[in-house]
>>> print(open('structure18.csv').read())   # CSV, C-alpha atoms and all ligand atoms
chain,number,residue,atom,x,y,z
A,1139,MET,CA,25.3,37.5,-61.4
A,1140,GLU,CA,23.8,40.9,-60.8
A,1141,VAL,CA,21.5,42.2,-63.6
A,1142,ASN,CA,21.5,45.9,-64.2
A,1143,LEU,CA,17.8,46.5,-64.9
A,1144,THR,CA,18.3,50.1,-65.9
A,1145,ARG,CA,20.3,48.8,-68.9
A,1146,THR,CA,17.9,46.1,-69.9
A,1147,MET,CA,16.2,47.0,-73.2
A,1148,PRO,CA,12.5,46.2,-73.3
A,1149,ARG,CA,11.0,44.6,-76.4
A,1150,PRO,CA,9.9,47.4,-78.8
A,1151,ILE,CA,6.2,46.7,-78.5
A,1152,GLN,CA,4.0,49.3,-76.8
A,1153,ALA,CA,0.4,50.3,-76.6
A,1154,THR,CA,-0.8,53.9,-76.4
A,1155,ILE,CA,-4.0,55.1,-75.0
A,1156,HIS,CA,-5.2,58.4,-76.6
A,1157,THR,CA,-6.8,60.6,-74.0
A,1158,ALA,CA,-8.1,63.2,-76.4
A,1159,ALA,CA,-9.7,60.5,-78.6
A,1160,LEU,CA,-11.6,59.2,-75.6
A,1161,SER,CA,-13.0,62.6,-74.9
A,1162,HIS,CA,-13.8,63.2,-78.5
A,1163,ASN,CA,-15.7,59.9,-78.8
A,1164,LEU,CA,-17.6,60.5,-75.6
A,1165,ALA,CA,-18.7,63.9,-77.0
A,1166,ARG,CA,-19.7,62.2,-80.2
A,1167,ALA,CA,-22.0,59.8,-78.4
A,1168,ARG,CA,-23.5,62.6,-76.4
A,1169,LEU,CA,-24.3,64.4,-79.7
A,1170,ALA,CA,-26.6,61.5,-80.6
A,1171,ALA,CA,-28.7,62.0,-77.5
A,1172,PRO,CA,-28.0,65.6,-76.5
A,1173,ASP,CA,-30.5,65.7,-73.6
A,1174,ALA,CA,-29.4,62.4,-72.1
A,1175,LYS,CA,-26.8,61.8,-69.4
A,1176,VAL,CA,-23.9,59.5,-70.5
A,1177,TRP,CA,-22.7,56.4,-68.7
A,1178,ALA,CA,-19.2,55.8,-70.0
A,1179,ILE,CA,-19.0,52.0,-69.9
A,1180,VAL,CA,-15.7,51.0,-68.3
A,1181,LYS,CA,-16.3,47.4,-67.6
A,1182,ALA,CA,-13.5,44.9,-68.4
A,1183,ASN,CA,-10.9,47.5,-67.2
A,1184,ALA,CA,-12.3,50.1,-69.6
A,1185,TYR,CA,-12.4,47.6,-72.5
A,1186,GLY,CA,-8.7,46.8,-71.9
A,1187,HIS,CA,-7.6,50.4,-71.8
A,1188,GLY,CA,-7.1,50.5,-68.1
A,1189,ILE,CA,-9.6,52.4,-65.9
A,1190,ALA,CA,-7.0,54.6,-64.4
A,1191,ARG,CA,-5.4,55.3,-67.8
A,1192,ALA,CA,-8.8,56.0,-69.5
A,1193,PHE,CA,-10.1,58.1,-66.6
A,1194,ASP,CA,-8.7,61.5,-67.7
A,1195,GLY,CA,-10.2,61.2,-71.1
A,1196,LEU,CA,-13.6,60.2,-69.7
A,1197,ARG,CA,-14.0,62.8,-67.0
A,1198,SER,CA,-16.8,64.5,-68.8
A,1199,ALA,CA,-19.0,61.5,-68.4
A,1200,ASP,CA,-22.0,61.8,-66.1
A,1201,GLY,CA,-21.3,58.5,-64.6
A,1202,PHE,CA,-19.3,55.3,-65.1
A,1203,ALA,CA,-20.9,51.9,-65.5
A,1204,LEU,CA,-19.1,48.6,-64.9
A,1205,LEU,CA,-19.6,45.3,-63.2
A,1206,ASP,CA,-16.6,44.5,-61.1
A,1207,LEU,CA,-16.7,45.8,-57.6
A,1208,ASN,CA,-12.9,46.2,-57.6
A,1209,GLU,CA,-13.2,48.5,-60.6
A,1210,ALA,CA,-15.8,50.5,-58.8
A,1211,THR,CA,-13.4,50.8,-55.8
A,1212,GLU,CA,-10.7,51.9,-58.2
A,1213,LEU,CA,-12.8,54.7,-59.6
A,1214,ARG,CA,-13.6,56.0,-56.1
A,1215,ALA,CA,-9.9,55.9,-55.3
A,1216,LEU,CA,-9.4,58.0,-58.4
A,1217,ASP,CA,-11.6,60.5,-56.6
A,1218,TRP,CA,-14.6,60.0,-58.9
A,1219,ARG,CA,-17.5,61.2,-56.7
A,1220,GLY,CA,-20.2,61.0,-59.3
A,1221,PRO,CA,-22.5,58.1,-60.2
A,1222,ILE,CA,-21.2,54.6,-60.6
A,1223,LEU,CA,-23.5,51.9,-61.8
A,1224,LEU,CA,-23.0,48.1,-61.3
A,1225,LEU,CA,-24.4,46.7,-64.6
A,1226,GLU,CA,-25.0,43.2,-63.2
A,1227,GLY,CA,-25.9,44.4,-59.7
A,1228,CYS,CA,-24.8,42.6,-56.6
A,1229,PHE,CA,-23.5,39.1,-56.8
A,1230,GLU,CA,-23.8,38.4,-53.0
A,1231,ALA,CA,-25.4,40.1,-50.0
A,1232,ARG,CA,-22.1,41.6,-48.7
A,1233,ASP,CA,-21.7,43.6,-52.0
A,1234,LEU,CA,-24.6,45.8,-50.8
A,1235,GLU,CA,-22.4,47.0,-47.9
A,1236,LEU,CA,-19.9,48.3,-50.5
A,1237,CYS,CA,-22.8,49.9,-52.4
A,1238,SER,CA,-23.9,51.7,-49.3
A,1239,ARG,CA,-20.4,52.7,-48.4
A,1240,LEU,CA,-19.3,53.9,-51.8
A,1241,GLY,CA,-22.7,55.1,-52.9
A,1242,LEU,CA,-22.8,52.7,-55.9
A,1243,TRP,CA,-26.0,52.5,-57.9
A,1244,HIS,CA,-26.8,49.0,-58.9
A,1245,VAL,CA,-28.9,47.0,-61.4
A,1246,VAL,CA,-31.5,44.7,-60.1
A,1247,HIS,CA,-32.3,41.9,-62.5
A,1248,CYS,CA,-33.7,39.1,-60.5
A,1249,ASN,CA,-35.8,38.4,-57.4
A,1250,GLU,CA,-32.8,37.1,-55.4
A,1251,GLN,CA,-31.3,40.6,-55.7
A,1252,ILE,CA,-34.5,42.1,-54.3
A,1253,ASP,CA,-34.4,39.6,-51.4
A,1254,MET,CA,-30.8,40.6,-50.6
A,1255,LEU,CA,-31.7,44.3,-50.7
A,1256,ALA,CA,-34.7,43.7,-48.4
A,1257,ALA,CA,-32.4,42.0,-45.9
A,1258,HIS,CA,-29.8,44.7,-46.1
A,1259,LYS,CA,-29.3,47.0,-43.1
A,1260,THR,CA,-28.5,50.5,-44.2
A,1261,GLN,CA,-29.2,54.1,-43.5
A,1262,GLN,CA,-28.3,54.9,-47.1
A,1263,GLY,CA,-31.2,54.9,-49.7
A,1264,HIS,CA,-30.1,52.9,-52.8
A,1265,ARG,CA,-30.5,54.0,-56.4
A,1266,VAL,CA,-31.4,51.0,-58.4
A,1267,PHE,CA,-31.8,50.3,-62.1
A,1268,LEU,CA,-34.5,47.7,-62.6
A,1269,LYS,CA,-33.6,45.7,-65.7
A,1270,MET,CA,-36.2,44.3,-68.0
A,1271,ASN,CA,-35.6,41.2,-70.2
A,1272,SER,CA,-37.3,42.6,-73.3
A,1273,GLY,CA,-36.0,39.9,-75.6
A,1274,MET,CA,-32.3,39.5,-75.1
A,1275,ASN,CA,-32.9,36.7,-72.6
A,1276,ARG,CA,-29.8,37.2,-70.5
A,1277,LEU,CA,-30.5,39.3,-67.5
A,1278,GLY,CA,-33.7,41.0,-66.3
A,1279,PHE,CA,-37.3,40.4,-65.4
A,1280,LYS,CA,-39.7,39.3,-68.2
A,1281,PRO,CA,-42.2,42.1,-69.1
A,1282,GLU,CA,-45.1,40.4,-67.2
A,1283,ARG,CA,-43.0,40.2,-64.0
A,1284,TYR,CA,-41.5,43.6,-64.3
A,1285,ARG,CA,-44.3,45.6,-62.5
A,1286,ALA,CA,-44.4,43.2,-59.6
A,1287,ALA,CA,-40.6,43.7,-59.2
A,1288,TRP,CA,-41.0,47.4,-59.4
A,1289,THR,CA,-43.8,47.4,-56.8
A,1290,ARG,CA,-41.7,45.3,-54.4
A,1291,LEU,CA,-38.7,47.5,-54.8
A,1292,ASN,CA,-40.7,50.6,-54.4
A,1293,ALA,CA,-42.0,49.4,-51.0
A,1294,LEU,CA,-38.5,48.8,-49.6
A,1295,PRO,CA,-37.1,51.4,-47.2
A,1296,GLN,CA,-33.6,50.6,-48.6
A,1297,VAL,CA,-34.6,51.9,-52.0
A,1298,ASP,CA,-34.4,55.6,-52.7
A,1299,GLU,CA,-35.1,55.8,-56.5
A,1300,ILE,CA,-35.9,53.3,-59.2
A,1301,SER,CA,-34.8,53.7,-62.8
A,1302,LEU,CA,-35.9,51.6,-65.7
A,1303,MET,CA,-33.5,49.8,-68.0
A,1304,THR,CA,-33.3,47.3,-70.8
A,1305,HIS,CA,-30.6,46.1,-73.3
A,1306,PHE,CA,-31.0,45.6,-77.1
A,1307,SER,CA,-29.7,42.4,-78.7
A,1308,ASP,CA,-29.8,43.6,-82.3
A,1309,ALA,CA,-29.3,47.4,-82.3
A,1310,ASP,CA,-26.3,46.8,-84.7
A,1311,THR,CA,-28.2,44.8,-87.3
A,1312,ALA,CA,-31.1,45.2,-89.7
A,1313,LYS,CA,-33.4,43.5,-87.2
A,1314,GLY,CA,-33.1,46.6,-85.1
A,1315,ILE,CA,-34.7,47.6,-81.8
A,1316,SER,CA,-38.4,48.0,-82.6
A,1317,ALA,CA,-39.7,44.8,-81.2
A,1318,GLN,CA,-37.8,45.1,-77.9
A,1319,LEU,CA,-38.6,48.8,-77.6
A,1320,ALA,CA,-42.4,48.0,-78.1
A,1321,VAL,CA,-42.2,45.4,-75.3
A,1322,PHE,CA,-40.4,47.8,-73.0
A,1323,GLU,CA,-42.7,50.7,-73.6
A,1324,ALA,CA,-45.9,48.6,-73.2
A,1325,ALA,CA,-44.7,47.4,-69.8
A,1326,THR,CA,-43.4,50.7,-68.5
A,1327,HIS,CA,-45.4,53.5,-70.1
A,1328,ASP,CA,-47.0,54.5,-66.8
A,1329,LEU,CA,-44.1,53.8,-64.5
A,1330,PRO,CA,-42.1,56.8,-63.2
A,1331,GLY,CA,-38.3,56.9,-63.3
A,1332,GLU,CA,-35.4,57.6,-65.5
A,1333,ARG,CA,-34.9,55.4,-68.6
A,1334,SER,CA,-31.6,53.8,-69.8
A,1335,LEU,CA,-31.9,51.8,-73.0
A,1336,SER,CA,-29.0,52.3,-75.4
A,1337,ASN,CA,-25.6,50.8,-76.0
A,1338,SER,CA,-23.4,52.3,-78.7
A,1339,ALA,CA,-25.2,50.8,-81.6
A,1340,ALA,CA,-28.6,51.9,-80.3
A,1341,THR,CA,-27.2,55.4,-79.5
A,1342,LEU,CA,-25.7,55.9,-82.9
A,1343,ARG,CA,-28.0,54.0,-85.3
A,1344,HIS,CA,-31.4,54.7,-83.6
A,1345,SER,CA,-31.0,58.2,-82.2
A,1346,GLY,CA,-34.1,59.4,-84.0
A,1347,VAL,CA,-36.3,57.0,-82.0
A,1348,LEU,CA,-34.3,56.7,-78.8
A,1349,ALA,CA,-32.8,60.1,-78.1
A,1350,ALA,CA,-36.1,61.5,-76.7
A,1351,ARG,CA,-36.7,58.2,-74.7
A,1352,SER,CA,-33.3,58.2,-73.0
A,1353,ASP,CA,-32.3,59.8,-69.7
A,1354,TRP,CA,-29.1,57.8,-69.7
A,1355,ILE,CA,-27.3,56.3,-72.7
A,1356,ARG,CA,-24.7,53.6,-72.2
A,1357,PRO,CA,-22.0,53.7,-74.9
A,1358,GLY,CA,-19.1,51.4,-74.6
A,1359,ILE,CA,-17.3,50.4,-77.9
A,1360,ALA,CA,-18.0,53.8,-79.5
A,1361,VAL,CA,-16.2,55.5,-76.7
A,1362,TYR,CA,-13.2,53.4,-77.5
A,1363,GLY,CA,-13.3,54.2,-81.2
A,1364,GLY,CA,-14.8,51.0,-82.4
A,1365,SER,CA,-17.7,51.0,-84.8
A,1366,PRO,CA,-20.6,49.3,-83.3
A,1367,ASP,CA,-21.8,48.0,-86.7
A,1368,PHE,CA,-18.6,47.4,-88.6
A,1369,PRO,CA,-18.4,46.6,-91.5
A,1370,VAL,CA,-21.7,48.2,-92.4
A,1371,HIS,CA,-20.3,51.5,-91.1
A,1372,SER,CA,-16.7,52.3,-90.2
A,1373,ALA,CA,-15.5,54.2,-87.2
A,1374,GLU,CA,-14.7,57.1,-89.6
A,1375,HIS,CA,-18.3,57.1,-90.7
A,1376,TRP,CA,-19.5,57.6,-87.1
A,1377,GLY,CA,-16.8,60.2,-86.5
A,1378,LEU,CA,-15.0,58.1,-84.0
A,1379,GLN,CA,-11.3,58.2,-83.3
A,1380,ALA,CA,-8.9,55.4,-82.4
A,1381,THR,CA,-8.2,55.3,-78.6
A,1382,MET,CA,-5.8,52.5,-78.5
A,1383,THR,CA,-2.7,52.0,-80.6
A,1384,LEU,CA,-0.6,48.8,-80.6
A,1385,ALA,CA,2.8,49.4,-82.1
A,1386,SER,CA,6.0,47.6,-82.4
A,1387,LYS,CA,9.1,47.4,-84.7
A,1388,ILE,CA,10.7,45.1,-87.2
A,1389,ILE,CA,13.4,43.0,-85.5
A,1390,SER,CA,14.5,41.0,-88.5
A,1391,VAL,CA,14.2,40.9,-92.3
A,1392,GLN,CA,14.2,37.8,-94.4
A,1393,GLN,CA,14.7,37.8,-98.2
A,1394,LEU,CA,12.6,35.0,-99.6
A,1395,ALA,CA,12.9,33.3,-103.0
A,1396,ALA,CA,10.0,31.8,-105.0
A,1397,GLY,CA,8.9,28.7,-103.1
A,1398,ASP,CA,10.2,29.7,-99.7
A,1399,THR,CA,7.7,29.5,-96.9
A,1400,VAL,CA,7.3,31.5,-93.7
A,1401,GLY,CA,6.7,30.5,-90.1
A,1402,TYR,CA,4.9,27.5,-88.4
A,1403,GLY,CA,3.0,25.2,-90.7
A,1404,SER,CA,4.6,26.9,-93.8
A,1405,ILE,CA,1.1,28.2,-94.6
A,1406,PHE,CA,2.5,31.1,-96.7
A,1407,THR,CA,4.7,30.4,-99.8
A,1408,ALA,CA,6.4,33.2,-101.7
A,1409,ASP,CA,5.7,33.1,-105.4
A,1410,GLY,CA,8.7,35.3,-106.2
A,1411,PRO,CA,11.5,37.2,-104.4
A,1412,LEU,CA,10.0,38.8,-101.4
A,1413,ALA,CA,11.3,40.8,-98.3
A,1414,ILE,CA,9.6,39.7,-95.1
A,1415,GLY,CA,9.7,41.8,-91.9
A,1416,VAL,CA,9.5,40.0,-88.6
A,1417,VAL,CA,7.6,42.1,-86.1
A,1418,ALA,CA,8.0,41.9,-82.3
A,1419,CYS,CA,4.4,41.1,-81.6
A,1420,GLY,CA,2.6,37.8,-81.2
A,1421,TYR,CA,-0.4,36.2,-79.7
A,1422,ALA,CA,1.1,36.5,-76.2
A,1423,ASP,CA,0.8,40.3,-76.7
A,1424,GLY,CA,-2.9,40.0,-77.6
A,1425,TYR,CA,-2.5,40.0,-81.3
A,1426,PRO,CA,-5.1,37.5,-82.5
A,1427,ARG,CA,-3.7,34.1,-83.7
A,1428,HIS,CA,-6.6,33.8,-86.0
A,1429,CYS,CA,-5.4,36.6,-88.2
A,1430,THR,CA,-4.7,35.2,-91.6
A,1431,THR,CA,-2.5,36.2,-94.5
A,1432,GLY,CA,-3.8,39.6,-95.8
A,1433,THR,CA,-4.5,41.1,-92.4
A,1434,PRO,CA,-3.6,44.8,-92.7
A,1435,MET,CA,-0.6,46.2,-90.8
A,1436,LEU,CA,1.2,49.5,-91.2
A,1437,VAL,CA,4.9,49.7,-91.7
A,1438,ASN,CA,6.3,53.2,-91.5
A,1439,GLY,CA,2.7,54.2,-91.9
A,1440,VAL,CA,2.3,52.3,-95.2
A,1441,ARG,CA,-0.4,49.7,-95.5
A,1442,CYS,CA,1.1,46.2,-95.8
A,1443,ARG,CA,-0.3,42.6,-95.4
A,1444,MET,CA,0.5,40.2,-92.7
A,1445,VAL,CA,1.6,36.8,-94.0
A,1446,GLY,CA,1.8,33.3,-92.5
A,1447,ARG,CA,0.9,32.3,-89.0
A,1448,VAL,CA,1.0,34.5,-86.0
A,1449,SER,CA,3.3,33.0,-83.4
A,1450,MET,CA,3.6,33.7,-79.7
A,1451,ASP,CA,6.1,36.6,-79.9
A,1452,MET,CA,6.4,37.3,-83.6
A,1453,VAL,CA,4.3,38.0,-86.7
A,1454,THR,CA,5.5,38.4,-90.3
A,1455,VAL,CA,4.7,41.1,-92.8
A,1456,ASP,CA,5.2,41.5,-96.6
A,1457,LEU,CA,7.4,44.5,-97.0
A,1458,SER,CA,6.8,45.0,-100.8
A,1459,PRO,CA,4.9,48.3,-100.4
A,1460,VAL,CA,7.8,49.8,-98.3
A,1461,PRO,CA,11.1,49.0,-99.9
A,1462,GLY,CA,12.9,51.2,-97.5
A,1463,ALA,CA,11.8,49.3,-94.4
A,1464,GLY,CA,14.2,47.3,-92.4
A,1465,ILE,CA,15.2,46.4,-88.8
A,1466,GLY,CA,13.8,49.2,-86.5
A,1467,SER,CA,11.0,50.3,-88.8
A,1468,ASP,CA,7.8,51.2,-87.1
A,1469,VAL,CA,4.9,48.8,-87.3
A,1470,THR,CA,1.3,49.7,-86.3
A,1471,LEU,CA,-0.7,46.6,-85.5
A,1472,TRP,CA,-3.8,48.8,-85.0
A,1473,GLY,CA,-4.5,52.4,-84.2
A,1474,ARG,CA,-2.4,55.4,-85.2
A,1475,ALA,CA,1.0,55.5,-86.9
A,1476,THR,CA,3.3,58.5,-86.6
A,1477,GLY,CA,2.6,60.6,-89.7
A,1478,GLY,CA,-1.2,60.3,-89.3
A,1479,ALA,CA,-2.1,57.0,-91.0
A,1480,VAL,CA,-4.7,55.0,-89.0
A,1481,LEU,CA,-5.4,51.3,-89.1
A,1482,PRO,CA,-8.9,50.8,-87.6
A,1483,ILE,CA,-8.9,48.0,-85.0
A,1484,ASP,CA,-12.2,46.9,-86.6
A,1485,GLU,CA,-10.3,45.8,-89.7
A,1486,VAL,CA,-7.9,43.7,-87.8
A,1487,ALA,CA,-10.7,42.2,-85.7
A,1488,GLN,CA,-12.6,41.3,-88.9
A,1489,ALA,CA,-9.5,39.6,-90.3
A,1490,ALA,CA,-9.4,37.5,-87.2
A,1491,GLY,CA,-13.0,36.6,-87.4
A,1492,THR,CA,-13.9,38.6,-84.2
A,1493,ILE,CA,-14.8,42.1,-83.0
A,1494,ALA,CA,-12.8,45.0,-81.8
A,1495,TYR,CA,-14.1,44.6,-78.3
A,1496,GLU,CA,-12.2,41.3,-78.0
A,1497,LEU,CA,-8.9,42.7,-79.3
A,1498,MET,CA,-9.0,45.6,-76.9
A,1499,CYS,CA,-9.9,43.4,-73.9
A,1500,ALA,CA,-7.2,40.9,-74.8
A,1501,LEU,CA,-4.3,43.3,-74.8
A,1502,ALA,CA,-1.8,41.3,-72.8
A,1503,GLN,CA,-0.4,42.3,-69.4
A,1504,ARG,CA,3.2,42.1,-70.8
A,1505,VAL,CA,2.6,45.0,-73.2
A,1506,PRO,CA,3.9,48.3,-71.8
A,1507,VAL,CA,1.2,51.0,-72.0
A,1508,VAL,CA,1.6,54.7,-72.2
A,1509,VAL,CA,-1.0,57.4,-72.0
A,1510,ALA,CA,-0.8,60.2,-74.6
B,1,LIG,C1,-25.9,46.5,-70.2
B,1,LIG,C2,-24.9,47.1,-71.1
B,1,LIG,N1,-25.0,48.4,-71.5
B,1,LIG,C3,-24.1,48.9,-72.4
B,1,LIG,C4,-23.1,48.2,-72.9
B,1,LIG,C5,-22.2,48.8,-73.9
B,1,LIG,O1,-22.2,48.2,-75.1
B,1,LIG,P1,-21.4,48.7,-76.4
B,1,LIG,O2,-20.0,48.5,-76.0
B,1,LIG,O3,-21.8,47.8,-77.5
B,1,LIG,O4,-21.7,50.1,-76.6
B,1,LIG,C6,-23.0,46.9,-72.5
B,1,LIG,C7,-21.9,46.1,-73.1
B,1,LIG,O5,-21.9,44.9,-73.3
B,1,LIG,C8,-23.9,46.3,-71.6
B,1,LIG,O6,-23.8,45.0,-71.2
>>> encode(input="structure18.csv", output="structure tokens", more="lines below")
Ligand SMILES: Cc1ncc(COP(=O)(O)O)c(C=O)c1O
Amino acid sequence: MEVNLTRTMPRPIQATIHTAALSHNLARARLAAPDAKVWAIVKANAYGHGIARAFDGLRSADGFALLDLNEATELRALDWRGPILLLEGCFEARDLELCSRLGLWHVVHCNEQIDMLAAHKTQQGHRVFLKMNSGMNRLGFKPERYRAAWTRLNALPQVDEISLMTHFSDADTAKGISAQLAVFEAATHDLPGERSLSNSAATLRHSGVLAARSDWIRPGIAVYGGSPDFPVHSAEHWGLQATMTLASKIISVQQLAAGDTVGYGSIFTADGPLAIGVVACGYADGYPRHCTTGTPMLVNGVRCRMVGRVSMDMVTVDLSPVPGAGIGSDVTLWGRATGGAVLPIDEVAQAAGTIAYELMCALAQRVPVVVA
């Protein structure tokens, strides 16, 4: 049997990437460190937005930082000729050939990477960001080893310029950045080179201390409209706009009586007559299964609560606040509803016991995405 694909109706679910919001958020980050250049962090396929889809909104960045070489290649294919930084540097020696060929800047965080660079045959001087482990204890040279690494790099003919970099573990919490900043400053105060210290939380929360110390800031989540310190501060507090909307429609309505339950495990029981909307969105679309009854959701722009268990392709919503809703009504899982209402992704993430980063990155392949 022949299937006429042009007549096949897709599921109503769709994600939208908001180009103007990306530009707005980038400008907002820049405002916090007006003299610094901005790396737009586009790792993990631009936090799930898609590098190619996000690119237009982020063109005003001074550079793009990521860690996957394929993503760096994709950016060059988009004709981005400015700086690209590999945040974890090279994973193996042959990556350096790509760095030379595409003019990629790269982090150096361990001696093995310096060994690879020393053995690399190139006419092209490399720009490297030497990473200090100032307390995060993931990547980087300990402060007492940092100067030796800098001296070694500085002696290599393959190296053109060395910048200095660290990453804060607690810029989003009350613990703050002071201890790590003191460690970094003590070890680098007399070393030349540009400095890059701040993720979104550091950029927005510690601008008073860091703006003057930053040649490059590295905002990620703020660019994508997530608050770096939710729930202490909301995206609205920071002046950030939603860059990703996940929307779908109601495909069925069930009228429940007192005592009726909904979905797998019967974890929600109606305590009176209740209209339940069934939404075409489930965990196979990237909607978190850990969302519990009470997770906010907009139906026709009106705030409602999700009820019961999220299943693979469907989720259920209490329609009490929108008596007019029915099959075909618009549902906003996160982001912007038509009419202007916004459901911050941070709120949905919190209800699922996670962070907005994870929801953005987990948007499933099967969800059609449009750029607005
Ligand atoms: C080295 C580095 N810089 C900057 C960022 C951006 O962080 P955020 O999204 O919290 O702004 C990240 C993300 O994890 C990172 O690993």
>>> residues_near_ligand(input="structure18.csv", ligand="ligand LIG 1 (chain B)", cutoff="8 Å", atoms="all atoms listed in the file", output="ChimeraX atom specification")
/A:1179,1181,1225-1226,1304-1305,1335-1339,1356-1361,1366,1495
>>> atom_distance(input="structure18.csv", atom1="atom CA of A:Pro1411", atom2="atom CA of A:Ser1390")
16.6 Å
>>> residues_around(input="structure18.csv", residues="A:Ala1413", least_positions_apart="2", cutoff="8 Å", atoms="all atoms listed in the file", output="list in words")
Val1391, Gln1392, Gln1393, Leu1394, Pro1411, Gly1415, Asp1456, Leu1457 and Ser1458 of chain A
>>> closest_residue(input="structure18.csv", among="A:Ala1475, A:Gly1464, A:Ala1422, A:Ala1309", to="A:Arg1504", atoms="all atoms listed in the file")
A:Ala1422
>>> residues_around(input="structure18.csv", residues="A:Pro1459", least_positions_apart="4", cutoff="8 Å", atoms="all atoms listed in the file", output="list in words")
Val1440, Arg1441 and Cys1442 of chain A
>>> residues_around(input="structure18.csv", residues="stretch 1480-1485 of chain A", least_positions_apart="5", cutoff="9 Å", atoms="all atoms listed in the file", output="tab-separated table (two decimals) with C-alpha atoms, keeping the file's coordinate frame")
chain	number	residue	atom	x	y	z
A	1363	GLY	CA	-13.30	54.20	-81.20
A	1364	GLY	CA	-14.80	51.00	-82.40
A	1365	SER	CA	-17.70	51.00	-84.80
A	1368	PHE	CA	-18.60	47.40	-88.60
A	1369	PRO	CA	-18.40	46.60	-91.50
A	1372	SER	CA	-16.70	52.30	-90.20
A	1373	ALA	CA	-15.50	54.20	-87.20
A	1374	GLU	CA	-14.70	57.10	-89.60
A	1379	GLN	CA	-11.30	58.20	-83.30
A	1380	ALA	CA	-8.90	55.40	-82.40
A	1382	MET	CA	-5.80	52.50	-78.50
A	1383	THR	CA	-2.70	52.00	-80.60
A	1433	THR	CA	-4.50	41.10	-92.40
A	1434	PRO	CA	-3.60	44.80	-92.70
A	1435	MET	CA	-0.60	46.20	-90.80
A	1436	LEU	CA	1.20	49.50	-91.20
A	1439	GLY	CA	2.70	54.20	-91.90
A	1441	ARG	CA	-0.40	49.70	-95.50
A	1470	THR	CA	1.30	49.70	-86.30
A	1471	LEU	CA	-0.70	46.60	-85.50
A	1472	TRP	CA	-3.80	48.80	-85.00
A	1473	GLY	CA	-4.50	52.40	-84.20
A	1474	ARG	CA	-2.40	55.40	-85.20
A	1475	ALA	CA	1.00	55.50	-86.90
A	1490	ALA	CA	-9.40	37.50	-87.20
A	1492	THR	CA	-13.90	38.60	-84.20
A	1493	ILE	CA	-14.80	42.10	-83.00
A	1494	ALA	CA	-12.80	45.00	-81.80
A	1495	TYR	CA	-14.10	44.60	-78.30
A	1497	LEU	CA	-8.90	42.70	-79.30
A	1498	MET	CA	-9.00	45.60	-76.90
>>> residues_around(input="structure18.csv", residues="stretch 1207-1211 of chain A", least_positions_apart="5", cutoff="12 Å", atoms="all atoms listed in the file", output="PyMOL selection string")
chain A and resi 1179-1185+1188-1190+1193+1201-1202+1216-1230+1232-1237+1239-1244
>>> closest_residue(input="structure18.csv", among="A:Ile1155, A:Ala1317, A:Leu1412, A:Ala1286", to="A:Asn1249", atoms="all atoms listed in the file")
A:Ala1286
>>> atom_distance(input="structure18.csv", atom1="atom CA of A:Gly1491", atom2="atom CA of A:Asn1438")
25.8 Å
>>> atom_distance(input="structure18.csv", atom1="atom CA of A:Arg1265", atom2="atom CA of A:Leu1196")
22.4 Å
>>> closest_residue(input="structure18.csv", among="A:Ala1463, A:Tyr1362, A:Ala1287, A:Leu1501", to="A:Thr1381", atoms="only C-alpha atoms")
A:Tyr1362
>>> closest_residue(input="structure18.csv", among="A:Ile1388, A:Val1445, A:Val1416, A:Leu1329", to="A:Gly1432", atoms="all atoms listed in the file")
A:Val1445
>>> decode(input="structure18.csv", residues="stretch 1409-1418 of chain A", atoms="N, CA and C atoms", output="tab-separated table (two decimals), in the first residue's frame")
chain	number	residue	atom	x	y	z
A	1409	ASP	N	-11.45	14.21	43.44
A	1409	ASP	CA	-12.30	14.24	44.64
A	1409	ASP	C	-13.68	14.82	44.34
A	1410	GLY	N	-13.96	15.04	43.07
A	1410	GLY	CA	-15.28	15.52	42.64
A	1410	GLY	C	-15.29	15.49	41.13
A	1411	PRO	N	-16.37	15.90	40.49
A	1411	PRO	CA	-16.41	15.91	39.03
A	1411	PRO	C	-15.29	16.79	38.48
A	1412	LEU	N	-14.64	16.30	37.44
A	1412	LEU	CA	-13.44	16.99	36.95
A	1412	LEU	C	-13.23	16.70	35.47
A	1413	ALA	N	-12.98	17.76	34.68
A	1413	ALA	CA	-12.63	17.55	33.27
A	1413	ALA	C	-11.11	17.47	33.15
A	1414	ILE	N	-10.66	16.42	32.49
A	1414	ILE	CA	-9.21	16.19	32.32
A	1414	ILE	C	-8.88	16.26	30.83
A	1415	GLY	N	-7.90	17.08	30.49
A	1415	GLY	CA	-7.44	17.14	29.11
A	1415	GLY	C	-6.25	16.21	28.92
A	1416	VAL	N	-6.24	15.51	27.81
A	1416	VAL	CA	-5.11	14.63	27.49
A	1416	VAL	C	-4.27	15.34	26.43
A	1417	VAL	N	-3.02	15.59	26.75
A	1417	VAL	CA	-2.15	16.42	25.90
A	1417	VAL	C	-1.19	15.53	25.12
A	1418	ALA	N	-1.00	15.85	23.84
A	1418	ALA	CA	-0.08	15.08	23.00
A	1418	ALA	C	1.36	15.48	23.31
